[in-house]
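Data block for input-v3.pdb (PDB, C-alpha atoms, pLDDT in the B column):
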```pdb
ATOM      1  CA  MET A   1     146.146 122.119 139.424  1.00 87.00           C
ATOM      2  CA  LEU A   2     145.509 125.585 140.803  1.00 88.00           C
ATOM      3  CA  ARG A   3     142.660 126.056 138.333  1.00 91.00           C
ATOM      4  CA  VAL A   4     141.019 122.820 139.505  1.00 93.00           C
ATOM      5  CA  ALA A   5     141.324 123.916 143.141  1.00 93.00           C
ATOM      6  CA  GLY A   6     139.691 127.252 142.284  1.00 92.00           C
ATOM      7  CA  VAL A   7     136.807 125.533 140.497  1.00 92.00           C
ATOM      8  CA  LEU A   8     136.299 123.151 143.415  1.00 94.00           C
ATOM      9  CA  LEU A   9     136.372 126.031 145.879  1.00 93.00           C
ATOM     10  CA  GLY A  10     133.819 127.965 143.805  1.00 91.00           C
ATOM     11  CA  LEU A  11     131.587 124.906 143.566  1.00 93.00           C
ATOM     12  CA  ALA A  12     131.808 124.329 147.322  1.00 94.00           C
ATOM     13  CA  ILE A  13     130.883 127.953 148.039  1.00 92.00           C
ATOM     14  CA  TYR A  14     127.999 127.746 145.544  1.00 92.00           C
ATOM     15  CA  ILE A  15     126.651 124.596 147.227  1.00 93.00           C
ATOM     16  CA  TRP A  16     127.030 126.212 150.651  1.00 93.00           C
ATOM     17  CA  PHE A  17     124.984 129.247 149.516  1.00 92.00           C
ATOM     18  CA  VAL A  18     122.204 127.024 148.138  1.00 93.00           C
ATOM     19  CA  ILE A  19     122.066 124.939 151.321  1.00 93.00           C
ATOM     20  CA  ASP A  20     122.136 128.069 153.470  1.00 91.00           C
ATOM     21  CA  VAL A  21     119.131 129.533 151.628  1.00 91.00           C
ATOM     22  CA  ILE A  22     117.219 126.254 151.919  1.00 92.00           C
ATOM     23  CA  ARG A  23     117.913 125.839 155.643  1.00 92.00           C
ATOM     24  CA  THR A  24     117.076 129.427 156.609  1.00 89.00           C
ATOM     25  CA  PRO A  25     113.504 129.764 157.937  1.00 89.00           C
ATOM     26  CA  SER A  26     111.181 131.769 155.686  1.00 85.00           C
ATOM     27  CA  SER A  27     110.181 134.025 158.574  1.00 83.00           C
ATOM     28  CA  SER A  28     113.728 135.286 159.083  1.00 83.00           C
ATOM     29  CA  MET A  29     114.481 136.363 155.490  1.00 83.00           C
ATOM     30  CA  ARG A  30     115.342 140.046 155.392  1.00 83.00           C
ATOM     31  CA  THR A  31     114.343 141.456 152.008  1.00 86.00           C
ATOM     32  CA  LEU A  32     112.851 138.954 149.558  1.00 88.00           C
ATOM     33  CA  PRO A  33     110.850 135.736 149.923  1.00 89.00           C
ATOM     34  CA  LYS A  34     112.746 132.481 150.239  1.00 89.00           C
ATOM     35  CA  PHE A  35     111.918 131.118 146.769  1.00 91.00           C
ATOM     36  CA  VAL A  36     113.172 134.344 145.146  1.00 92.00           C
ATOM     37  CA  TRP A  37     116.472 134.082 147.010  1.00 90.00           C
ATOM     38  CA  LEU A  38     116.780 130.462 145.992  1.00 92.00           C
ATOM     39  CA  LEU A  39     116.224 131.378 142.329  1.00 93.00           C
ATOM     40  CA  ILE A  40     118.784 134.194 142.536  1.00 93.00           C
ATOM     41  CA  VAL A  41     121.411 131.948 144.135  1.00 91.00           C
ATOM     42  CA  VAL A  42     120.802 129.092 141.675  1.00 93.00           C
ATOM     43  CA  LEU A  43     120.605 131.193 138.501  1.00 93.00           C
ATOM     44  CA  ILE A  44     123.458 133.606 139.273  1.00 92.00           C
ATOM     45  CA  PRO A  45     125.896 131.250 141.015  1.00 84.00           C
ATOM     46  CA  LEU A  46     128.529 133.220 142.928  1.00 86.00           C
ATOM     47  CA  ILE A  47     127.156 136.742 142.578  1.00 92.00           C
ATOM     48  CA  GLY A  48     123.715 135.556 143.708  1.00 91.00           C
ATOM     49  CA  GLY A  49     125.292 133.925 146.735  1.00 89.00           C
ATOM     50  CA  ILE A  50     127.156 137.087 147.636  1.00 90.00           C
ATOM     51  CA  LEU A  51     123.928 139.082 147.259  1.00 91.00           C
ATOM     52  CA  TRP A  52     122.193 136.539 149.521  1.00 88.00           C
ATOM     53  CA  TYR A  53     124.934 136.828 152.105  1.00 88.00           C
ATOM     54  CA  LEU A  54     124.820 140.625 152.119  1.00 89.00           C
ATOM     55  CA  GLY A  55     121.112 141.298 151.650  1.00 87.00           C
ATOM     56  CA  GLY A  56     118.954 138.327 152.502  1.00 84.00           C
ATOM     57  CA  ARG A  57     120.617 136.266 155.159  1.00 83.00           C
ATOM     58  CA  PRO A  58     119.399 136.932 158.709  1.00 82.00           C
ATOM     59  CA  ARG A  59     121.784 138.957 160.782  1.00 74.00           C
ATOM     60  CA  ARG A  60     123.503 137.219 163.643  1.00 70.00           C
ATOM     61  CA  GLU A  61     123.357 138.756 167.049  1.00 60.00           C
ATOM     62  CA  ARG A  62     126.621 139.902 168.453  1.00 55.00           C
ATOM     63  CA  ARG A  63     128.276 137.390 170.685  1.00 56.00           C
ATOM     64  CA  GLY A  64     128.920 139.934 173.419  1.00 56.00           C
ATOM     65  CA  LYS A  65     125.211 140.599 173.911  1.00 60.00           C
ATOM     66  CA  ARG A  66     123.157 138.099 175.812  1.00 60.00           C
ATOM     67  CA  ARG A  67     119.402 137.943 175.532  1.00 65.00           C
ATOM     68  CA  GLY A  68     118.791 136.656 179.015  1.00 61.00           C
ATOM     69  CA  PRO A  69     120.412 135.114 182.007  1.00 59.00           C
ATOM     70  CA  THR A  70     122.506 132.056 181.337  1.00 68.00           C
ATOM     71  CA  ALA A  71     122.615 130.670 184.863  1.00 74.00           C
ATOM     72  CA  PRO A  72     119.981 130.651 187.615  1.00 71.00           C
ATOM     73  CA  ASP A  73     122.061 132.880 189.865  1.00 71.00           C
ATOM     74  CA  ASP A  74     122.088 135.533 187.110  1.00 73.00           C
ATOM     75  CA  ASP A  75     118.297 135.591 186.818  1.00 76.00           C
ATOM     76  CA  PRO A  76     116.718 138.357 188.948  1.00 79.00           C
ATOM     77  CA  THR A  77     113.329 136.612 189.125  1.00 81.00           C
ATOM     78  CA  PHE A  78     114.959 133.406 190.370  1.00 79.00           C
ATOM     79  CA  LEU A  79     116.904 135.320 193.012  1.00 79.00           C
ATOM     80  CA  ARG A  80     113.760 137.194 194.053  1.00 81.00           C
ATOM     81  CA  HIS A  81     111.897 133.885 194.347  1.00 82.00           C
ATOM     82  CA  ILE A  82     114.625 132.464 196.589  1.00 83.00           C
ATOM     83  CA  GLY A  83     114.549 135.609 198.739  1.00 80.00           C
ATOM     84  CA  ASP A  84     110.750 135.464 199.004  1.00 84.00           C
ATOM     85  CA  ASN A  85     110.877 131.802 200.024  1.00 81.00           C
ATOM     86  CA  ALA A  86     113.512 132.497 202.672  1.00 83.00           C
ATOM     87  CA  TRP A  87     111.506 135.429 204.043  1.00 83.00           C
ATOM     88  CA  SER A  88     108.286 133.344 204.118  1.00 87.00           C
ATOM     89  CA  GLN A  89     109.996 130.539 206.016  1.00 88.00           C
ATOM     90  CA  LYS A  90     111.489 132.997 208.493  1.00 86.00           C
ATOM     91  CA  MET A  91     108.107 134.595 209.139  1.00 87.00           C
ATOM     92  CA  LYS A  92     106.477 131.165 209.538  1.00 88.00           C
ATOM     93  CA  ARG A  93     109.082 130.193 212.151  1.00 89.00           C
ATOM     94  CA  ARG A  94     108.470 133.430 214.039  1.00 88.00           C
ATOM     95  CA  ARG A  95     104.717 132.843 214.004  1.00 87.00           C
ATOM     96  CA  ASP A  96     105.199 129.289 215.228  1.00 86.00           C
ATOM     97  CA  GLU A  97     107.478 130.490 218.032  1.00 85.00           C
ATOM     98  CA  THR A  98     105.055 133.180 219.191  1.00 81.00           C
ATOM     99  CA  ASP A  99     102.049 130.849 218.919  1.00 76.00           C
ATOM    100  CA  GLY A 100     103.749 128.182 221.032  1.00 65.00           C
ATOM    101  CA  SER A 101     104.967 130.507 223.800  1.00 61.00           C
ATOM    102  CA  ALA A 102     101.813 132.633 224.119  1.00 54.00           C
ATOM    103  CA  PRO A 103      99.737 131.936 227.259  1.00 56.00           C
ATOM    104  CA  ALA A 104      96.417 130.267 226.648  1.00 50.00           C
TER     105      ALA A 104
END
```

This structure in structure tokens:
Amino acid sequence: MLRVAGVLLGLAIYIWFVIDVIRTPSSSMRTLPKFVWLLIVVLIPLIGGILWYLGGRPRRERRGKRRGPTAPDDDPTFLRHIGDNAWSQKMKRRRDETDGSAPA
């Protein structure tokens, strides 16, 4: 029973490696072209998959690092735009007030 479970686990990992190579975009492969990685993973079942995982699979970015703002209030350009709009409206009101009260 334990032997069957080991074989099934190995087969599942092998299938996962093949699917992972197929689904990875060609532009993000690290060392070899996609078809070469696919041949390696298919012809050398578990060792090829481990080689793929260590040497060919694109690296994930660390979860702690963020590429850009995630919310509008974290985005400096958005905040600057809001500040510029508020300043423009304030200046327009001042101009309107001075234009209306100035003697003709």

For a test of reading the model, state the distance in Å between CA of Ile22 (chain A) and CA of Leu38 (chain A), rounded to one decimal.
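Interatomic distance here is 7.3 Å.
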
Spell out the residues picked by the PyMOL selection byres ((chain A and resi 18) around 8) here, as a count of residues only.
12

Enclose all atoms of region 37-52 of chain A listed in the file in an axis-aligned box, grow every side by 8 Å, and hand back centre and edge lengths in Å to one decimal, as lines of an AutoDock Vina configuration file.
```
center_x = 122.4
center_y = 134.1
center_z = 144.0
size_x = 28.3
size_y = 26.0
size_z = 27.0
```

Evaluate the PyMOL selection byres ((chain A and resi 24) around 12) here and jot the selected residues down as an MDAnalysis selection string.
chainID A and resid 17:23 25:30 33:35 37:38 52:53 56:59

C-alpha atoms of the current selection, written as a compact mmCIF listing (two decimals), keeping the file's coordinate frame:
```
# COMPACT_ATOMS: atom_id res chain seq x y z
CA PHE A 17 124.98 129.25 149.52
CA VAL A 18 122.20 127.02 148.14
CA ILE A 19 122.07 124.94 151.32
CA ASP A 20 122.14 128.07 153.47
CA VAL A 21 119.13 129.53 151.63
CA ILE A 22 117.22 126.25 151.92
CA ARG A 23 117.91 125.84 155.64
CA PRO A 25 113.50 129.76 157.94
CA SER A 26 111.18 131.77 155.69
CA SER A 27 110.18 134.02 158.57
CA SER A 28 113.73 135.29 159.08
CA MET A 29 114.48 136.36 155.49
CA ARG A 30 115.34 140.05 155.39
CA PRO A 33 110.85 135.74 149.92
CA LYS A 34 112.75 132.48 150.24
CA PHE A 35 111.92 131.12 146.77
CA TRP A 37 116.47 134.08 147.01
CA LEU A 38 116.78 130.46 145.99
CA TRP A 52 122.19 136.54 149.52
CA TYR A 53 124.93 136.83 152.10
CA GLY A 56 118.95 138.33 152.50
CA ARG A 57 120.62 136.27 155.16
CA PRO A 58 119.40 136.93 158.71
CA ARG A 59 121.78 138.96 160.78
```

Shortest interatomic distance to Gly10 (chain A) - which of A:Ala86, A:Ile47, A:Ala71, A:Leu79, counting all atoms listed in the file:
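Using all atoms listed in the file, Gly10 (chain A) sits closest to A:Ile47.
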
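Distance annotation: of A:Val7, A:Leu32, A:Ile13, A:Leu2, the residue with the minimal separation from Ile50 (chain A) is A:Ile13; atom set is only C-alpha atoms.
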
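Atom to atom, CA of Thr31 (chain A) and CA of Ile44 (chain A) stand 17.5 Å apart.
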
Counting all atoms listed in the file, figure out which residue out of A:Met91, A:Ile40, A:Leu54, A:Leu46 gets nearest to Ala12 (chain A).
A:Leu46

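CA of Arg60 (chain A) is found 26.0 Å from CA of Leu43 (chain A).
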
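Proximity to Ile82 (chain A) at 12 Å, evaluated using all atoms listed in the file and with sequence-adjacent residues fewer than 6 positions away removed, yields Pro72, Asp73, Asp75, Pro76, Ser88 and Gln89 of chain A.
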